[in-house]
Amino acid sequence: MYTPVIPVALPLLVAALLAALNRVLPRWLASLLAIVAAAAVAFAALSMVIFSRDAPIFVYWFGDLPPAAGAARGIGFVIDNSGAMLVLLSSLLVTFSLVLSYRYFDSVGPIFQALMLVLLAAMNGFSQSGDLFNLFVFYELMTAAAISLSVYHPDCGVPLKNVLHLGIANVTGATLVLAGIALVYLRTGAVNMAQAGRALASMPSDSLIAVAFALMMCGFLMKAAIAPFHFWLPEALVAAPAPVCAVIGGIMAELGIYGAVRVYWAVFSGVLAPHSNELRNLLVAFAAATAILGALASYMQRHLKKLLAFSIVSHSGVMLLGVALLTPEALAGASIYMMGHALLTGGLFLAAAIVVHRLGVMDELHLLGRARHMRYAGLLFFVGAIGLAGLPPFGIFWGDVMMDGAAHRLGYYWIPWVTFLAAVLTSAAVFRFCGRVFFGWGPGADSEPLPVEAIKQHSGTPFELYAGATLLLIAGLATGLAPRLTGAAESAALYVQNREAYAQRVLDNLAPFPVAVHDVPAGPIDILRCLAALLIAAFVARQTLCSPTFRRAFGRLRALPRALHASHAGEIGESIAWLSVGLAIFMGFAFVCLR
């Protein structure tokens with residue numbers, strides 16, 4: 001089966017062709033080639049998703065060099081259901097973004113499509129890699145492509161420091177990952193995940209292993225935009241063109257969390273198992289802080305891209321909560337949540353592309369009532385807000401059900417309130433944008449607009465711009481309707497968390513024992529909870545727009561939000577300082593609890 005090679009090799013080959021023929025290819029042909037390549041990768045990914053439900057772990061060895069005597073001899077891709085699903089999500093987001101970009105930009109050359117395909121190949125390689133060093137290589141390739149795409153459009157009127165944020169933060173994260181890999185190799189003599197995990201499981205925990213774990217986790221949490229490593233994401237998304245935001249915002253955070261999941265359970269879980277309670281508490285604290293602070297920051301924004309960016313930060317914290325609980329049910333909930341959130345976020349950014357293409361500005365206050373005639377675009381944002389509130393059958397609903405159930409069983413009774421608050425505030429922020437921009441509710445602006453994406457206004461909206469946003473939002477809705485969704489996700493999570501079964505499949509070619517898990521039902525409390533989140537979000541948004549009394553009362557409570565806003569001024573030095581704080585916390589924890 002050569003299918004795992006297609007999601008990496010095909011985009012790279014087509015990207016090389018587009019770059020080589022940059023000066024001679026017509027614009028329409030370059031776009032067509034890129035869209036066909038990305039769509040072909042999506043079909044290959046769909047076949048891997050279907051295949052991995054019956055064969056939970058599939059290994060492809062490059063050069064036909066399988067392991068010998070329990071030691072890897074070559075480079076391998078390891079495909080499970082979670083990794084295959086991420087490949088499918090990446091491919092769908094890139095495909096729809098390429099379709100939109102053809103009509104979104106007045107002029108864009110083949111280099112743009114080539115860079116999008118390189119980004120796709122890097123994300124897919126990251127999702128499938130069974131080798132630590134190649135995980136780092138694809139991490140770096142993702143960063144390089146994302147930086148190039150963020151500055152590709154020459155008319156983007158955003159300071160260069162926004163893109164520098166993306167580059168410095170992600171290169172720093174990759175350096176931390178590389179340093180951790182070097183320490184693992186020093187201790188085990190292996191970079192294959194299964195081999196390194198098997199070797200570490202036979203050793204006692206020590207300071208070197210603890211430091212390696214802390215470095216790699218911080219590197220991946222930076223990619224996932226977990227506080228206090230999250231500062232790069234809002235700045236990068238303000239700078240990047242909207243079609244690029246749909247990809248970076250839709251899938252980057254999920255890939256960071258997936259990297260942390262894969263490395264912990266495949267490599268470190270054996271040696272760190274005695275310290276699982278301490279690790280759970282640390283990750284839960286980081287995740288809860290991210291969910292709450294991101295939600296507050298999202299509701300404070302008036303720039304649409306920043307509003308959506310901080311919404312991603314908040315929901316990344318929710319996804320990390322599912323991982324942090326360290327149980328199969330919670331991890332399954334996090335994986336379902338990732339699917340639903342990636343599609344919803346991609347759809348919302350493509351809907352944002354409609355607004356900026358038509359009106360040329362993303363400042364909510366300066367858009368007061370200017371989009372009354374864009375009813376369908378308003379409907380897209382309205383559906384996105386409902387999805388962020390976690391209403392069924394969106395995938396976010398089922399993810400919440402599983403994560404909250406696992407939290408209750410572990411005694412973390414406050415976690416559902418954190419996810420509830422994140423859902424209310426991020427959904428309310430989008431509802432407020434809808435009310436102000438599409439209905440003209442609330443006060444307008446009395447100052448100059450915030451920096452905008454300098455793209456000229458257009459008198460009409462091409463069909464392609466609506467199609468991508470519509471299909472992604474429909475896909476996010478349909479995620480929750482997939483047959484055996486929760487049972488299949490928990491079955492996949494059991495394989496992810498079984499380090500020894502993973503090592504036996506990769507190194508010994510032993511088929512994993514099949515696991516059947518029943519679906520998790522949703523009770524009346526779950527339905528009432530999400531309905532309450534939706535109604536409260538709509539109420540908060542409307543009162544913010546229409547009630548001067550509410551606005552005055554809210555203003556008296558903004559001491560914490562103001563301090564939070566001051567800490568997000570967009571300065572690179574500020575981000576490095578917070579990065580140092582997060583790394584110091586992880587390092588301190590590692591030395592005290594894990595060695």
# chains A, B, ... in the order shown; residues from 1 in each chain; ligands from 1
$ select_by_dssp --residues "range 195-303 of chain A" --states "alpha helix (DSSP H)" --output "PyMOL selection string"
chain A and resi 195-201+207-223+232-239+242-263+269-272+276-300
$ residues_around --residues "Met252 in chain A" --least-positions-apart "3" --cutoff "12 Å" --atoms "only C-alpha atoms" --output "number ranges by chain"
A: 86-87, 89-90, 93, 119-120, 122-124, 126-127, 139, 142-143, 146, 166, 170, 220-226, 230, 232-233, 236-237, 244-249, 255-259, 309, 312-313, 316, 338, 341-342, 345-346
$ write_last_selection --atoms "N, CA and C atoms" --output "tab-separated table (two decimals), in the first residue's frame"
chain	number	residue	atom	x	y	z
A	86	LEU	N	-6.27	13.86	10.44
A	86	LEU	CA	-5.61	15.16	10.31
A	86	LEU	C	-5.16	15.41	8.87
A	87	VAL	N	-4.69	14.37	8.20
A	87	VAL	CA	-4.32	14.51	6.79
A	87	VAL	C	-5.55	14.91	5.97
A	89	LEU	N	-8.26	16.51	7.08
A	89	LEU	CA	-8.63	17.89	7.42
A	89	LEU	C	-7.71	18.89	6.73
A	90	SER	N	-6.40	18.63	6.77
A	90	SER	CA	-5.45	19.54	6.12
A	90	SER	C	-5.74	19.65	4.63
A	93	LEU	N	-8.96	21.73	3.94
A	93	LEU	CA	-8.76	23.15	4.16
A	93	LEU	C	-7.93	23.78	3.04
A	119	LEU	N	3.12	23.66	2.12
A	119	LEU	CA	2.53	23.65	3.46
A	119	LEU	C	1.69	22.40	3.67
A	120	LEU	N	0.92	22.02	2.68
A	120	LEU	CA	0.10	20.81	2.77
A	120	LEU	C	0.97	19.57	2.96
A	122	ALA	N	3.97	19.40	4.19
A	122	ALA	CA	4.60	19.43	5.51
A	122	ALA	C	3.62	19.01	6.60
A	123	MET	N	2.38	19.51	6.53
A	123	MET	CA	1.39	19.13	7.54
A	123	MET	C	1.09	17.64	7.48
A	124	ASN	N	1.00	17.09	6.27
A	124	ASN	CA	0.70	15.67	6.13
A	124	ASN	C	1.87	14.81	6.59
A	126	PHE	N	4.03	15.64	8.88
A	126	PHE	CA	4.02	15.76	10.34
A	126	PHE	C	2.99	14.81	10.95
A	127	SER	N	1.83	14.68	10.32
A	127	SER	CA	0.76	13.84	10.85
A	127	SER	C	1.07	12.35	10.75
A	139	TYR	N	8.02	19.95	10.87
A	139	TYR	CA	7.69	21.11	11.70
A	139	TYR	C	8.33	22.36	11.10
A	142	MET	N	6.80	23.33	7.70
A	142	MET	CA	5.52	24.02	7.93
A	142	MET	C	5.75	25.50	8.24
A	143	THR	N	6.71	25.74	9.14
A	143	THR	CA	7.00	27.12	9.54
A	143	THR	C	7.47	27.96	8.37
A	146	ALA	N	4.56	28.67	6.02
A	146	ALA	CA	3.59	29.59	6.62
A	146	ALA	C	4.11	31.03	6.62
A	166	LEU	N	5.40	35.17	13.92
A	166	LEU	CA	5.20	33.80	13.44
A	166	LEU	C	6.52	33.08	13.28
A	170	ASN	N	7.76	30.12	16.02
A	170	ASN	CA	7.75	28.74	15.53
A	170	ASN	C	9.15	28.18	15.36
A	220	PHE	N	5.85	21.79	21.14
A	220	PHE	CA	4.58	21.47	20.50
A	220	PHE	C	3.44	22.36	21.02
A	221	LEU	N	3.48	22.71	22.29
A	221	LEU	CA	2.44	23.59	22.83
A	221	LEU	C	2.52	24.98	22.22
A	222	MET	N	3.73	25.38	21.79
A	222	MET	CA	3.85	26.65	21.08
A	222	MET	C	3.13	26.57	19.74
A	223	LYS	N	3.32	25.49	19.01
A	223	LYS	CA	2.60	25.31	17.75
A	223	LYS	C	1.10	25.27	17.99
A	224	ALA	N	0.68	24.74	19.14
A	224	ALA	CA	-0.75	24.64	19.47
A	224	ALA	C	-1.32	25.94	20.01
A	225	ALA	N	-0.48	26.98	20.18
A	225	ALA	CA	-0.93	28.29	20.68
A	225	ALA	C	-1.54	28.18	22.07
A	226	ILE	N	-0.88	27.41	22.95
A	226	ILE	CA	-1.31	27.29	24.34
A	226	ILE	C	-0.63	28.38	25.15
A	230	HIS	N	1.19	31.50	23.11
A	230	HIS	CA	0.19	31.70	22.07
A	230	HIS	C	0.31	33.02	21.32
A	232	TRP	N	2.06	34.43	19.13
A	232	TRP	CA	2.35	34.51	17.70
A	232	TRP	C	1.09	34.38	16.85
A	233	LEU	N	0.11	33.61	17.31
A	233	LEU	CA	-1.02	33.27	16.44
A	233	LEU	C	-1.87	34.48	16.06
A	236	ALA	N	0.13	36.65	13.59
A	236	ALA	CA	0.32	36.02	12.28
A	236	ALA	C	-0.96	36.04	11.46
A	237	LEU	N	-2.11	35.81	12.11
A	237	LEU	CA	-3.36	35.75	11.36
A	237	LEU	C	-3.82	37.13	10.91
A	244	VAL	N	-5.07	32.05	3.51
A	244	VAL	CA	-4.00	31.41	4.27
A	244	VAL	C	-4.42	31.24	5.73
A	245	CYS	N	-5.16	32.21	6.26
A	245	CYS	CA	-5.65	32.12	7.64
A	245	CYS	C	-6.53	30.89	7.84
A	246	ALA	N	-7.31	30.53	6.81
A	246	ALA	CA	-8.19	29.37	6.93
A	246	ALA	C	-7.38	28.10	7.19
A	247	VAL	N	-6.17	28.04	6.64
A	247	VAL	CA	-5.32	26.86	6.83
A	247	VAL	C	-4.55	26.96	8.14
A	248	ILE	N	-3.84	28.10	8.34
A	248	ILE	CA	-3.04	28.26	9.55
A	248	ILE	C	-3.94	28.23	10.79
A	249	GLY	N	-5.04	28.97	10.74
A	249	GLY	CA	-5.94	29.00	11.89
A	249	GLY	C	-6.73	27.73	12.06
A	255	LEU	N	-2.46	20.38	14.95
A	255	LEU	CA	-1.22	19.66	14.69
A	255	LEU	C	-0.27	19.75	15.88
A	256	GLY	N	-0.21	20.92	16.52
A	256	GLY	CA	0.63	21.04	17.70
A	256	GLY	C	0.19	20.10	18.81
A	257	ILE	N	-1.11	20.04	19.05
A	257	ILE	CA	-1.63	19.14	20.09
A	257	ILE	C	-1.39	17.69	19.70
A	258	TYR	N	-1.57	17.36	18.41
A	258	TYR	CA	-1.32	16.00	17.96
A	258	TYR	C	0.15	15.62	18.17
A	259	GLY	N	1.08	16.55	17.90
A	259	GLY	CA	2.49	16.26	18.14
A	259	GLY	C	2.76	15.94	19.59
A	309	ALA	N	-8.83	34.59	15.94
A	309	ALA	CA	-7.56	34.04	16.39
A	309	ALA	C	-7.60	33.71	17.88
A	312	ILE	N	-9.53	30.67	18.52
A	312	ILE	CA	-8.71	29.46	18.32
A	312	ILE	C	-7.88	29.17	19.56
A	313	VAL	N	-7.28	30.20	20.15
A	313	VAL	CA	-6.50	30.01	21.38
A	313	VAL	C	-7.36	29.38	22.47
A	316	SER	N	-8.20	25.81	21.65
A	316	SER	CA	-7.00	24.98	21.80
A	316	SER	C	-6.83	24.56	23.25
A	338	MET	N	-11.33	18.34	17.78
A	338	MET	CA	-10.39	18.86	16.79
A	338	MET	C	-11.01	18.87	15.40
A	341	HIS	N	-13.81	21.55	15.25
A	341	HIS	CA	-13.29	22.90	15.37
A	341	HIS	C	-12.50	23.32	14.14
A	342	ALA	N	-11.69	22.42	13.58
A	342	ALA	CA	-10.90	22.75	12.39
A	342	ALA	C	-11.81	23.15	11.23
A	345	THR	N	-13.62	26.57	12.08
A	345	THR	CA	-12.71	27.71	12.01
A	345	THR	C	-12.33	28.02	10.56
A	346	GLY	N	-12.05	26.97	9.79
A	346	GLY	CA	-11.76	27.18	8.37
A	346	GLY	C	-12.92	27.85	7.67
$ residues_around --residues "Gly167 in chain A" --least-positions-apart "3" --cutoff "12 Å" --atoms "only C-alpha atoms" --output "PyMOL selection string"
chain A and resi 140-151+160-164+170-175+222-223+231-233+235-236+572
$ write_last_selection --atoms "C-alpha atoms" --output "mmCIF file, in the first residue's frame"
data_model
loop_
_atom_site.group_PDB
_atom_site.id
_atom_site.type_symbol
_atom_site.label_atom_id
_atom_site.label_comp_id
_atom_site.auth_asym_id
_atom_site.auth_seq_id
_atom_site.Cartn_x
_atom_site.Cartn_y
_atom_site.Cartn_z
ATOM 1 C CA GLU A 140 10.336 23.418 10.194
ATOM 2 C CA LEU A 141 8.971 23.035 6.668
ATOM 3 C CA MET A 142 5.522 24.023 7.929
ATOM 4 C CA THR A 143 7.003 27.118 9.543
ATOM 5 C CA ALA A 144 8.927 28.159 6.429
ATOM 6 C CA ALA A 145 5.887 27.768 4.166
ATOM 7 C CA ALA A 146 3.586 29.588 6.618
ATOM 8 C CA ILE A 147 5.970 32.548 6.893
ATOM 9 C CA SER A 148 6.278 32.823 3.108
ATOM 10 C CA LEU A 149 2.515 32.662 2.629
ATOM 11 C CA SER A 150 1.896 35.295 5.303
ATOM 12 C CA VAL A 151 3.944 37.879 3.387
ATOM 13 C CA LEU A 160 6.484 43.194 9.305
ATOM 14 C CA LYS A 161 6.735 42.413 13.009
ATOM 15 C CA ASN A 162 3.481 40.434 12.761
ATOM 16 C CA VAL A 163 5.144 37.952 10.435
ATOM 17 C CA LEU A 164 8.336 38.038 12.508
ATOM 18 C CA ASN A 170 7.747 28.742 15.526
ATOM 19 C CA VAL A 171 11.496 28.544 14.923
ATOM 20 C CA THR A 172 11.981 28.751 18.687
ATOM 21 C CA GLY A 173 9.439 25.979 19.155
ATOM 22 C CA ALA A 174 11.163 23.831 16.553
ATOM 23 C CA THR A 175 14.525 24.447 18.271
ATOM 24 C CA MET A 222 3.846 26.646 21.082
ATOM 25 C CA LYS A 223 2.605 25.308 17.750
ATOM 26 C CA PHE A 231 1.179 35.294 21.225
ATOM 27 C CA TRP A 232 2.346 34.510 17.699
ATOM 28 C CA LEU A 233 -1.019 33.270 16.444
ATOM 29 C CA GLU A 235 -0.276 38.527 15.084
ATOM 30 C CA ALA A 236 0.321 36.016 12.277
ATOM 31 C CA ILE A 572 8.147 40.329 20.021
#
$ residues_around --residues "Arg370 in chain A" --least-positions-apart "5" --cutoff "12 Å" --atoms "only C-alpha atoms" --output "number ranges by chain"
A: 355-356, 358-365, 375, 378, 433-441, 444
$ closest_residue --among "A:Phe51, A:Phe589, A:Phe213, A:Phe229" --to "Ser575 in chain A" --atoms "only C-alpha atoms"
A:Phe229
$ select_by_dssp --residues "range 112-349 of chain A" --states "strand (DSSP E or B)" --output "VMD selection string"
chain A and resid 129 131 192 303
$ write_last_selection --atoms "N, CA and C atoms" --output "PDB file, in the first residue's frame"
ATOM      1  N   SER A 129       4.473  10.970  10.438  1.00  0.00           N
ATOM      2  CA  SER A 129       5.847  10.570  10.727  1.00  0.00           C
ATOM      3  C   SER A 129       5.936   9.677  11.962  1.00  0.00           C
ATOM      4  N   ASP A 131       9.045   8.982  13.047  1.00  0.00           N
ATOM      5  CA  ASP A 131      10.449   9.246  13.350  1.00  0.00           C
ATOM      6  C   ASP A 131      10.565  10.646  13.949  1.00  0.00           C
ATOM      7  N   ASN A 192      13.561   6.695  16.075  1.00  0.00           N
ATOM      8  CA  ASN A 192      12.256   6.101  15.807  1.00  0.00           C
ATOM      9  C   ASN A 192      11.447   6.138  17.096  1.00  0.00           C
ATOM     10  N   HIS A 303     -11.251  43.658  15.721  1.00  0.00           N
ATOM     11  CA  HIS A 303     -10.741  43.214  14.424  1.00  0.00           C
ATOM     12  C   HIS A 303     -11.147  41.758  14.234  1.00  0.00           C
TER      13      HIS A 303
END
$ closest_atom_pairs --of "range 56-134 of chain A" --to "range 465-475 of chain A" --cutoff "10 Å" --atoms "only C-alpha atoms" --output "tab-separated table"
residue	atom	partner	partner_atom	distance
A:Leu92	CA	A:Leu472	CA	8.2
A:Leu93	CA	A:Leu472	CA	8.0
A:Thr95	CA	A:Gly468	CA	8.8
A:Phe96	CA	A:Gly468	CA	5.1
A:Ser97	CA	A:Gly468	CA	7.3
A:Leu98	CA	A:Gly468	CA	9.4
A:Val99	CA	A:Gly468	CA	7.3
A:Leu100	CA	A:Leu465	CA	5.1
A:Ser101	CA	A:Leu465	CA	8.3
A:Tyr102	CA	A:Leu465	CA	9.3
A:Arg103	CA	A:Leu465	CA	7.3
A:Tyr104	CA	A:Leu465	CA	7.3
$ write_last_selection --atoms "N, CA and C atoms" --output "PDB file, in the first residue's frame"
ATOM      1  N   LEU A  92      -8.575  19.091   2.994  1.00  0.00           N
ATOM      2  CA  LEU A  92      -9.826  19.805   2.720  1.00  0.00           C
ATOM      3  C   LEU A  92      -9.642  21.311   2.872  1.00  0.00           C
ATOM      4  N   LEU A  93      -8.963  21.729   3.943  1.00  0.00           N
ATOM      5  CA  LEU A  93      -8.762  23.155   4.161  1.00  0.00           C
ATOM      6  C   LEU A  93      -7.933  23.784   3.045  1.00  0.00           C
ATOM      7  N   THR A  95      -7.582  22.619  -0.047  1.00  0.00           N
ATOM      8  CA  THR A  95      -8.352  22.570  -1.300  1.00  0.00           C
ATOM      9  C   THR A  95      -9.317  23.756  -1.395  1.00  0.00           C
ATOM     10  N   PHE A  96     -10.110  23.970  -0.346  1.00  0.00           N
ATOM     11  CA  PHE A  96     -11.085  25.063  -0.380  1.00  0.00           C
ATOM     12  C   PHE A  96     -10.399  26.421  -0.360  1.00  0.00           C
ATOM     13  N   SER A  97      -9.263  26.530   0.324  1.00  0.00           N
ATOM     14  CA  SER A  97      -8.532  27.802   0.336  1.00  0.00           C
ATOM     15  C   SER A  97      -7.978  28.124  -1.046  1.00  0.00           C
ATOM     16  N   LEU A  98      -7.520  27.107  -1.773  1.00  0.00           N
ATOM     17  CA  LEU A  98      -7.023  27.326  -3.132  1.00  0.00           C
ATOM     18  C   LEU A  98      -8.149  27.739  -4.071  1.00  0.00           C
ATOM     19  N   VAL A  99      -9.311  27.115  -3.909  1.00  0.00           N
ATOM     20  CA  VAL A  99     -10.466  27.502  -4.732  1.00  0.00           C
ATOM     21  C   VAL A  99     -10.821  28.965  -4.479  1.00  0.00           C
ATOM     22  N   LEU A 100     -10.859  29.354  -3.197  1.00  0.00           N
ATOM     23  CA  LEU A 100     -11.216  30.728  -2.856  1.00  0.00           C
ATOM     24  C   LEU A 100     -10.163  31.718  -3.343  1.00  0.00           C
ATOM     25  N   SER A 101      -8.875  31.354  -3.228  1.00  0.00           N
ATOM     26  CA  SER A 101      -7.809  32.318  -3.529  1.00  0.00           C
ATOM     27  C   SER A 101      -7.806  32.736  -4.997  1.00  0.00           C
ATOM     28  N   TYR A 102      -8.309  31.880  -5.888  1.00  0.00           N
ATOM     29  CA  TYR A 102      -8.313  32.224  -7.304  1.00  0.00           C
ATOM     30  C   TYR A 102      -9.152  33.465  -7.570  1.00  0.00           C
ATOM     31  N   ARG A 103     -10.273  33.610  -6.823  1.00  0.00           N
ATOM     32  CA  ARG A 103     -11.141  34.781  -7.018  1.00  0.00           C
ATOM     33  C   ARG A 103     -10.939  35.840  -5.948  1.00  0.00           C
ATOM     34  N   TYR A 104     -10.300  35.480  -4.851  1.00  0.00           N
ATOM     35  CA  TYR A 104     -10.094  36.441  -3.762  1.00  0.00           C
ATOM     36  C   TYR A 104      -9.050  37.486  -4.146  1.00  0.00           C
TER      37      TYR A 104
END
$ residues_around --residues "Phe586 in chain A" --least-positions-apart "3" --cutoff "10 Å" --atoms "only C-alpha atoms" --output "PyMOL selection string"
chain A and resi 210-211+213-215+217-218+279+282-283+580-583+589-592
$ residues_around --residues "Ala20 in chain A" --least-positions-apart "4" --cutoff "12 Å" --atoms "only C-alpha atoms" --output "list of chain:residue names"
A:Leu13, A:Val14, A:Ala15, A:Ala16, A:Val24, A:Leu25, A:Ala30, A:Pro110, A:Ile111, A:Ala114
$ write_last_selection --atoms "N, CA and C atoms" --output "PDB file, in the first residue's frame"
ATOM      1  N   LEU A  13       5.690  17.379  -5.577  1.00  0.00           N
ATOM      2  CA  LEU A  13       5.986  17.278  -7.009  1.00  0.00           C
ATOM      3  C   LEU A  13       5.261  18.369  -7.797  1.00  0.00           C
ATOM      4  N   VAL A  14       3.994  18.577  -7.499  1.00  0.00           N
ATOM      5  CA  VAL A  14       3.233  19.611  -8.207  1.00  0.00           C
ATOM      6  C   VAL A  14       3.767  21.000  -7.847  1.00  0.00           C
ATOM      7  N   ALA A  15       4.169  21.201  -6.581  1.00  0.00           N
ATOM      8  CA  ALA A  15       4.754  22.485  -6.182  1.00  0.00           C
ATOM      9  C   ALA A  15       6.042  22.762  -6.951  1.00  0.00           C
ATOM     10  N   ALA A  16       6.877  21.724  -7.120  1.00  0.00           N
ATOM     11  CA  ALA A  16       8.111  21.900  -7.884  1.00  0.00           C
ATOM     12  C   ALA A  16       7.808  22.248  -9.340  1.00  0.00           C
ATOM     13  N   VAL A  24       5.704  30.852 -17.212  1.00  0.00           N
ATOM     14  CA  VAL A  24       5.007  30.482 -18.449  1.00  0.00           C
ATOM     15  C   VAL A  24       3.599  29.948 -18.210  1.00  0.00           C
ATOM     16  N   LEU A  25       3.299  29.480 -16.997  1.00  0.00           N
ATOM     17  CA  LEU A  25       1.977  28.913 -16.741  1.00  0.00           C
ATOM     18  C   LEU A  25       0.931  30.015 -16.610  1.00  0.00           C
ATOM     19  N   ALA A  30      -2.348  27.134 -13.339  1.00  0.00           N
ATOM     20  CA  ALA A  30      -1.626  26.901 -12.085  1.00  0.00           C
ATOM     21  C   ALA A  30      -2.609  26.622 -10.947  1.00  0.00           C
ATOM     22  N   PRO A 110       1.760  31.449  -9.706  1.00  0.00           N
ATOM     23  CA  PRO A 110       1.924  30.031  -9.341  1.00  0.00           C
ATOM     24  C   PRO A 110       2.725  29.809  -8.067  1.00  0.00           C
ATOM     25  N   ILE A 111       3.567  30.766  -7.680  1.00  0.00           N
ATOM     26  CA  ILE A 111       4.350  30.590  -6.462  1.00  0.00           C
ATOM     27  C   ILE A 111       3.435  30.473  -5.239  1.00  0.00           C
ATOM     28  N   ALA A 114       2.201  26.996  -5.192  1.00  0.00           N
ATOM     29  CA  ALA A 114       3.306  26.101  -4.837  1.00  0.00           C
ATOM     30  C   ALA A 114       3.554  26.117  -3.327  1.00  0.00           C
TER      31      ALA A 114
END
$ closest_residue --among "A:Met203, A:Met216, A:Leu186, A:Leu88" --to "Ala38 in chain A" --atoms "only C-alpha atoms"
A:Leu88
$ atom_distance --atom1 "CA of Val517 in chain A" --atom2 "CA of Ala266 in chain A"
21.6 Å
$ atom_distance --atom1 "CA of Ala291 in chain A" --atom2 "CA of Glu574 in chain A"
20.5 Å
